[in-house]
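Next comes model11.pdb, a file with PDB, C-alpha atoms.
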ATOM      1  CA  MET Q 203      22.238  13.249  54.718
ATOM      2  CA  ASN Q 204      24.424  12.275  57.624
ATOM      3  CA  PRO Q 205      28.110  11.856  56.647
ATOM      4  CA  ASP Q 206      28.399   8.874  59.013
ATOM      5  CA  THR Q 207      25.655   6.978  57.147
ATOM      6  CA  VAL Q 208      26.729   3.989  55.077
ATOM      7  CA  THR Q 209      25.232   4.083  51.584
ATOM      8  CA  CYS Q 210      24.410   1.026  49.552
ATOM      9  CA  ASP Q 211      22.468  -0.099  46.534
ATOM     10  CA  MET Q 212      18.982  -1.531  46.944
ATOM     11  CA  VAL Q 213      17.927  -4.506  44.880
ATOM     12  CA  PHE Q 214      14.257  -5.247  44.271
ATOM     13  CA  ALA Q 215      13.005  -8.590  43.013
ATOM     14  CA  LEU Q 216       9.630  -8.301  41.278
ATOM     15  CA  GLN Q 217       7.360 -11.202  40.634
ATOM     16  CA  GLN Q 218       4.686 -10.829  37.983
ATOM     17  CA  LYS Q 219       1.232 -11.714  39.251
ATOM     18  CA  ASP Q 220      -1.085 -13.709  36.965
ATOM     19  CA  HIS Q 221      -4.248 -11.958  35.790
ATOM     20  CA  PRO Q 222      -7.471 -14.006  35.788
ATOM     21  CA  LYS Q 223      -8.382 -12.992  32.215
ATOM     22  CA  PHE Q 224      -5.245 -11.724  30.445
ATOM     23  CA  LYS Q 225      -1.952 -13.463  29.724
ATOM     24  CA  ARG Q 226       1.224 -11.548  28.968
ATOM     25  CA  LYS Q 227       3.918 -12.605  26.540
ATOM     26  CA  GLY Q 228       6.611  -9.943  26.256
ATOM     27  CA  GLU Q 229       4.887  -6.710  25.226
ATOM     28  CA  ASP Q 230       1.747  -8.505  23.981
ATOM     29  CA  LEU Q 231      -1.460  -9.321  25.821
ATOM     30  CA  PHE Q 232      -3.669 -12.334  25.079
ATOM     31  CA  VAL Q 233      -7.315 -12.660  26.044
ATOM     32  CA  GLU Q 234     -10.002 -15.263  25.313
ATOM     33  CA  HIS Q 235     -13.519 -14.330  24.218
ATOM     34  CA  THR Q 236     -16.455 -16.588  23.379
ATOM     35  CA  LEU Q 237     -18.987 -15.625  20.705
ATOM     36  CA  SER Q 238     -22.377 -17.126  20.023
ATOM     37  CA  LEU Q 239     -22.815 -18.606  16.552
ATOM     38  CA  SER Q 240     -25.105 -15.696  15.699
ATOM     39  CA  GLU Q 241     -22.414 -13.176  16.725
ATOM     40  CA  ALA Q 242     -19.728 -15.041  14.765
ATOM     41  CA  LEU Q 243     -21.836 -15.013  11.586
ATOM     42  CA  CYS Q 244     -23.789 -11.750  11.858
ATOM     43  CA  GLY Q 245     -21.459  -9.435  13.772
ATOM     44  CA  PHE Q 246     -20.768  -8.527  17.382
ATOM     45  CA  GLN Q 247     -19.703  -5.808  19.718
ATOM     46  CA  PHE Q 248     -18.616  -6.072  23.334
ATOM     47  CA  VAL Q 249     -16.773  -4.031  25.938
ATOM     48  CA  LEU Q 250     -13.394  -5.359  27.031
ATOM     49  CA  THR Q 251     -11.934  -3.996  30.260
ATOM     50  CA  ARG Q 252      -8.133  -3.900  30.168
ATOM     51  CA  PRO Q 253      -5.991  -4.704  33.227
ATOM     52  CA  ASP Q 254      -5.398  -0.960  33.687
ATOM     53  CA  GLY Q 255      -9.178  -0.374  33.938
ATOM     54  CA  ARG Q 256      -9.680   1.260  30.535
ATOM     55  CA  GLN Q 257     -12.621  -0.030  28.546
ATOM     56  CA  LEU Q 258     -12.404  -0.801  24.829
ATOM     57  CA  LEU Q 259     -15.384  -1.233  22.513
ATOM     58  CA  ILE Q 260     -14.578  -4.217  20.300
ATOM     59  CA  LYS Q 261     -16.660  -4.448  17.099
ATOM     60  CA  SER Q 262     -16.552  -6.750  14.114
ATOM     61  CA  ASN Q 263     -16.441  -5.350  10.601
ATOM     62  CA  THR Q 264     -19.705  -5.452   8.659
ATOM     63  CA  GLY Q 265     -20.034  -8.748   6.813
ATOM     64  CA  GLU Q 266     -17.017 -10.312   8.518
ATOM     65  CA  VAL Q 267     -17.382 -13.904   9.722
ATOM     66  CA  VAL Q 268     -15.303 -14.909  12.743
ATOM     67  CA  LYS Q 269     -14.204 -18.530  12.560
ATOM     68  CA  PRO Q 270     -13.769 -20.708  15.646
ATOM     69  CA  ASP Q 271     -10.246 -20.688  17.102
ATOM     70  CA  SER Q 272      -9.300 -17.493  15.231
ATOM     71  CA  PHE Q 273      -7.297 -14.493  16.445
ATOM     72  CA  LYS Q 274      -7.685 -10.758  15.929
ATOM     73  CA  ALA Q 275      -5.136  -8.165  17.032
ATOM     74  CA  ILE Q 276      -5.419  -4.596  18.282
ATOM     75  CA  ASN Q 277      -2.246  -2.615  17.675
ATOM     76  CA  ASP Q 278      -0.714  -0.549  20.492
ATOM     77  CA  GLU Q 279      -2.962  -2.037  23.204
ATOM     78  CA  GLY Q 280      -0.362  -4.391  24.641
ATOM     79  CA  MET Q 281       1.920  -3.665  27.570
ATOM     80  CA  PRO Q 282       3.767  -0.352  28.019
ATOM     81  CA  LEU Q 283       7.286  -0.127  26.653
ATOM     82  CA  TYR Q 284      10.241  -0.293  29.043
ATOM     83  CA  GLN Q 285      11.042   3.211  30.405
ATOM     84  CA  ARG Q 286       8.126   4.642  28.373
ATOM     85  CA  PRO Q 287       5.098   3.941  30.567
ATOM     86  CA  PHE Q 288       2.665   5.960  28.430
ATOM     87  CA  MET Q 289       3.618   4.330  25.115
ATOM     88  CA  LYS Q 290       1.994   1.032  24.258
ATOM     89  CA  GLY Q 291       4.281  -1.068  22.117
ATOM     90  CA  GLY Q 292       2.681  -4.465  21.970
ATOM     91  CA  LYS Q 293      -0.539  -5.815  20.583
ATOM     92  CA  MET Q 294      -3.604  -7.222  22.270
ATOM     93  CA  TYR Q 295      -4.595 -10.546  20.723
ATOM     94  CA  ILE Q 296      -8.166 -11.749  21.131
ATOM     95  CA  HIS Q 297      -8.631 -15.502  20.730
ATOM     96  CA  PHE Q 298     -12.200 -16.232  19.662
ATOM     97  CA  THR Q 299     -14.078 -19.402  20.403
ATOM     98  CA  VAL Q 300     -17.557 -19.921  18.989
ATOM     99  CA  GLU Q 301     -20.389 -21.658  20.826
ATOM    100  CA  PHE Q 302     -22.497 -23.830  18.567
ATOM    101  CA  PRO Q 303     -26.036 -24.904  19.457
ATOM    102  CA  GLY Q 304     -26.412 -28.469  20.690
ATOM    103  CA  SER Q 305     -29.149 -29.224  18.164
ATOM    104  CA  LEU Q 306     -31.489 -27.549  15.656
ATOM    105  CA  SER Q 307     -35.158 -28.053  14.916
ATOM    106  CA  ALA Q 308     -36.357 -29.122  11.461
ATOM    107  CA  ASP Q 309     -37.585 -25.569  10.781
ATOM    108  CA  GLN Q 310     -34.225 -24.080  11.777
ATOM    109  CA  LEU Q 311     -32.423 -26.545   9.490
ATOM    110  CA  LYS Q 312     -34.660 -25.609   6.545
ATOM    111  CA  ALA Q 313     -34.098 -21.896   7.185
ATOM    112  CA  LEU Q 314     -30.314 -22.359   7.312
ATOM    113  CA  GLU Q 315     -30.236 -24.538   4.203
ATOM    114  CA  ALA Q 316     -32.170 -21.832   2.356
ATOM    115  CA  ILE Q 317     -29.510 -19.157   2.986
ATOM    116  CA  LEU Q 318     -26.243 -21.115   3.220
ATOM    117  CA  PRO Q 319     -24.316 -22.473   0.235
ATOM    118  CA  PRO Q 320     -25.552 -25.916  -0.809
ATOM    119  CA  LYS Q 321     -24.096 -29.015   0.815
ATOM    120  CA  PRO Q 322     -21.822 -31.124  -1.369
ATOM    121  CA  ILE Q 323     -23.670 -34.071  -2.838
ATOM    122  CA  CYS Q 324     -22.297 -37.479  -1.929
ATOM    123  CA  GLN Q 325     -22.716 -39.913  -4.816
ATOM    124  CA  PRO Q 326     -22.326 -43.483  -3.546
ATOM    125  CA  THR Q 327     -20.705 -45.831  -6.017
ATOM    126  CA  ASP Q 328     -22.118 -49.160  -7.140
ATOM    127  CA  ILE Q 329     -20.112 -50.847  -4.381
ATOM    128  CA  GLU Q 330     -22.129 -51.843  -1.340
ATOM    129  CA  LEU Q 331     -21.505 -49.352   1.465
ATOM    130  CA  ASP Q 332     -22.005 -49.778   5.188
ATOM    131  CA  GLU Q 333     -23.537 -46.775   6.924
ATOM    132  CA  PHE Q 334     -21.885 -45.624  10.155
ATOM    133  CA  PRO Q 335     -23.663 -43.147  12.434
ATOM    134  CA  LEU Q 336     -21.389 -40.890  14.497
ATOM    135  CA  ALA Q 337     -21.269 -41.514  18.244
ATOM    136  CA  LYS Q 338     -21.443 -38.674  20.723
ATOM    137  CA  LEU Q 339     -18.274 -38.195  22.822
ATOM    138  CA  VAL Q 340     -18.787 -37.619  26.514
ATOM    139  CA  GLY Q 341     -16.131 -35.349  28.007
ATOM    140  CA  GLY Q 342     -14.278 -34.893  24.726
ATOM    141  CA  LEU Q 343     -10.798 -36.043  23.799
ATOM    142  CA  THR Q 344      -8.259 -35.507  26.526
ATOM    143  CA  THR Q 345      -4.945 -36.557  25.012
ATOM    144  CA  PRO Q 346      -2.544 -33.668  24.248
ATOM    145  CA  ARG Q 347      -2.311 -34.512  20.550
ATOM    146  CA  HIS Q 348      -6.070 -33.954  20.210
ATOM    147  CA  SER Q 349      -6.081 -30.615  21.986
ATOM    148  CA  ARG Q 350      -6.214 -27.524  19.748
ATOM    149  CA  ARG Q 351      -6.456 -25.077  22.609
ATOM    150  CA  TYR Q 352      -3.905 -22.293  22.266
ATOM    151  CA  ASP Q 353      -1.808 -21.349  25.254
ATOM    152  CA  PRO Q 354       0.388 -18.314  24.565
ATOM    153  CA  LEU Q 355       2.772 -19.112  27.405
TER
END

Please, can you express the file's structure as structure tokens?
Amino acid sequence: MNPDTVTCDMVFALQQKDHPKFKRKGEDLFVEHTLSLSEALCGFQFVLTRPDGRQLLIKSNTGEVVKPDSFKAINDEGMPLYQRPFMKGGKMYIHFTVEFPGSLSADQLKALEAILPPKPICQPTDIELDEFPLAKLVGGLTTPRHSRRYDPL
């Protein structure tokens, strides 16, 4: 080093870049995954590629039913700890959504009714009741108070 050189501190400003699939919150990672109704009820397995390129085999437990809008966590698969790049400190949270079929045939309904718990029986009273069919929503509800979508950030 030249004795005539002026020394100084260097300051770096880092900006975290968004990932298309994963969201970071502190040491934790969040990811969304959609299951078919069959996978949610009967079990699933899929490969999840982490931001660092590692691949994880994610499997449900035998007999476990995954409900829509539920979360599962994988310990020690979050972000590395500060000044310990090879130690994972956080968790990876998987947010599951479940795709339901748009409709079912009469045979499919009979098959499901045969294996699922019975529907509750509605006993109308002696009072005259008006029957109201449900209308189909186009585009869904858009007001914030009707949104159940989870955003970790």

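Of the listed residues (Q:Glu279, Q:Asp206, Q:Asp271, Q:Asp254), Q:Asp254 comes nearest to Q:His221; the distances count only C-alpha atoms.
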
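Nearest residue to Q:Thr251 among Q:Met289, Q:Ile317, Q:Met294, Q:Leu336 is Q:Met294, counting only C-alpha atoms.
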
Which of these, Q:Asp278, Q:Glu333, Q:Glu315, Q:Glu241, has the shortest distance to Q:Gly292 once you count only C-alpha atoms?
Q:Asp278

Set up a box along x, y and z of the file covering all listed atoms of stretch 213-227 of chain Q, add 8 Å on every one of the six sides, and write the centre and edge lengths in Å to one decimal, as lines of an AutoDock Vina configuration file.
center_x = 4.8
center_y = -9.3
center_z = 35.7
size_x = 42.3
size_y = 25.5
size_z = 34.3

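Checking Q:Lys219, Q:Lys225, Q:Lys338, Q:His297 one by one against Q:Ala275, counting all atoms listed in the file, you find the shortest gap at Q:His297.
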
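Checking Q:Leu216, Q:Leu243, Q:Thr209, Q:Ser238 one by one against Q:Asn263, counting only C-alpha atoms, you find the shortest gap at Q:Leu243.
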
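Here the PyMOL selection byres ((chain Q and resi 264) around 12) catches exactly these residues: Glu241, Ala242, Leu243, Cys244, Gly245, Phe246, Gln247, Lys261, Ser262, Asn263, Gly265, Glu266, Val267 and Val268 of chain Q.
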
Grab the residues selected above and save them as a PDB file, keeping the file's coordinate frame with C-alpha atoms.
ATOM      1  CA  GLU Q 241     -22.414 -13.176  16.725  1.00  0.00           C
ATOM      2  CA  ALA Q 242     -19.728 -15.041  14.765  1.00  0.00           C
ATOM      3  CA  LEU Q 243     -21.836 -15.013  11.586  1.00  0.00           C
ATOM      4  CA  CYS Q 244     -23.789 -11.750  11.858  1.00  0.00           C
ATOM      5  CA  GLY Q 245     -21.459  -9.435  13.772  1.00  0.00           C
ATOM      6  CA  PHE Q 246     -20.768  -8.527  17.382  1.00  0.00           C
ATOM      7  CA  GLN Q 247     -19.703  -5.808  19.718  1.00  0.00           C
ATOM      8  CA  LYS Q 261     -16.660  -4.448  17.099  1.00  0.00           C
ATOM      9  CA  SER Q 262     -16.552  -6.750  14.114  1.00  0.00           C
ATOM     10  CA  ASN Q 263     -16.441  -5.350  10.601  1.00  0.00           C
ATOM     11  CA  GLY Q 265     -20.034  -8.748   6.813  1.00  0.00           C
ATOM     12  CA  GLU Q 266     -17.017 -10.312   8.518  1.00  0.00           C
ATOM     13  CA  VAL Q 267     -17.382 -13.904   9.722  1.00  0.00           C
ATOM     14  CA  VAL Q 268     -15.303 -14.909  12.743  1.00  0.00           C
TER      15      VAL Q 268
END

Could you tell me, as a PyMOL selection string, exactly which residues end up selected when the PyMOL selection byres ((chain Q and resi 230) around 7) is applied to this structure?
chain Q and resi 226-229+231-232+280-281+292-294

Write a file of the just-selected residues containing C-alpha atoms, as a CSV table (one decimal), in the frame of the given file.
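And here's result.csv as it stands now:
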chain,number,residue,atom,x,y,z
Q,226,ARG,CA,1.2,-11.5,29.0
Q,227,LYS,CA,3.9,-12.6,26.5
Q,228,GLY,CA,6.6,-9.9,26.3
Q,229,GLU,CA,4.9,-6.7,25.2
Q,231,LEU,CA,-1.5,-9.3,25.8
Q,232,PHE,CA,-3.7,-12.3,25.1
Q,280,GLY,CA,-0.4,-4.4,24.6
Q,281,MET,CA,1.9,-3.7,27.6
Q,292,GLY,CA,2.7,-4.5,22.0
Q,293,LYS,CA,-0.5,-5.8,20.6
Q,294,MET,CA,-3.6,-7.2,22.3

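Between atom CA of Q:Glu301 and atom CA of Q:Phe273 lies a distance of 15.6 Å.
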
re atom CA of Q:Leu283 and atom CA of Q:Met212: distance 23.5 Å

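Using all atoms listed in the file, the smallest distance between any of Q:Ser307, Q:Ala316, Q:Asn204, Q:Val233 and Q:Ile276 comes from Q:Val233.
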
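Going from atom CA of Q:Leu259 to atom CA of Q:Glu234 covers 15.3 Å.
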
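For the file at hand, the PyMOL selection byres ((chain Q and resi 270) around 8) resolves to Q:Val268, Q:Lys269, Q:Asp271, Q:Ser272, Q:Phe298, Q:Thr299, Q:Val300.
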
Can you sort out stretch 245-262 of chain Q so it carries N, CA and C atoms, written as a compact mmCIF listing (two decimals), keeping the file's coordinate frame?
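Here's the written file result11.txt:
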# COMPACT_ATOMS: atom_id res chain seq x y z
N GLY Q 245 -22.11 -10.61 13.21
CA GLY Q 245 -21.46 -9.44 13.77
C GLY Q 245 -21.64 -9.36 15.28
N PHE Q 246 -20.74 -8.63 15.92
CA PHE Q 246 -20.77 -8.53 17.38
C PHE Q 246 -20.18 -7.21 17.80
N GLN Q 247 -20.44 -6.86 19.02
CA GLN Q 247 -19.70 -5.81 19.72
C GLN Q 247 -19.77 -6.12 21.20
N PHE Q 248 -18.67 -5.85 21.89
CA PHE Q 248 -18.62 -6.07 23.33
C PHE Q 248 -17.59 -5.12 23.93
N VAL Q 249 -17.70 -4.90 25.22
CA VAL Q 249 -16.77 -4.03 25.94
C VAL Q 249 -15.76 -4.92 26.64
N LEU Q 250 -14.49 -4.62 26.42
CA LEU Q 250 -13.39 -5.36 27.03
C LEU Q 250 -12.67 -4.42 28.00
N THR Q 251 -12.62 -4.81 29.25
CA THR Q 251 -11.93 -4.00 30.26
C THR Q 251 -10.50 -4.48 30.39
N ARG Q 252 -9.56 -3.58 30.10
CA ARG Q 252 -8.13 -3.90 30.17
C ARG Q 252 -7.68 -4.02 31.62
N PRO Q 253 -6.51 -4.61 31.85
CA PRO Q 253 -5.99 -4.70 33.23
C PRO Q 253 -5.79 -3.34 33.89
N ASP Q 254 -5.57 -2.29 33.09
CA ASP Q 254 -5.40 -0.96 33.69
C ASP Q 254 -6.73 -0.26 33.94
N GLY Q 255 -7.86 -0.93 33.67
CA GLY Q 255 -9.18 -0.37 33.94
C GLY Q 255 -9.84 0.32 32.75
N ARG Q 256 -9.08 0.62 31.71
CA ARG Q 256 -9.68 1.26 30.54
C ARG Q 256 -10.61 0.28 29.85
N GLN Q 257 -11.67 0.82 29.25
CA GLN Q 257 -12.62 -0.03 28.55
C GLN Q 257 -12.52 0.22 27.05
N LEU Q 258 -12.49 -0.88 26.29
CA LEU Q 258 -12.40 -0.80 24.83
C LEU Q 258 -13.67 -1.39 24.23
N LEU Q 259 -14.24 -0.70 23.24
CA LEU Q 259 -15.38 -1.23 22.51
C LEU Q 259 -14.84 -2.03 21.34
N ILE Q 260 -15.07 -3.32 21.34
CA ILE Q 260 -14.58 -4.22 20.30
C ILE Q 260 -15.75 -4.53 19.38
N LYS Q 261 -15.59 -4.23 18.07
CA LYS Q 261 -16.66 -4.45 17.10
C LYS Q 261 -16.12 -5.19 15.89
N SER Q 262 -16.94 -6.07 15.35
CA SER Q 262 -16.55 -6.75 14.11
C SER Q 262 -16.86 -5.84 12.94
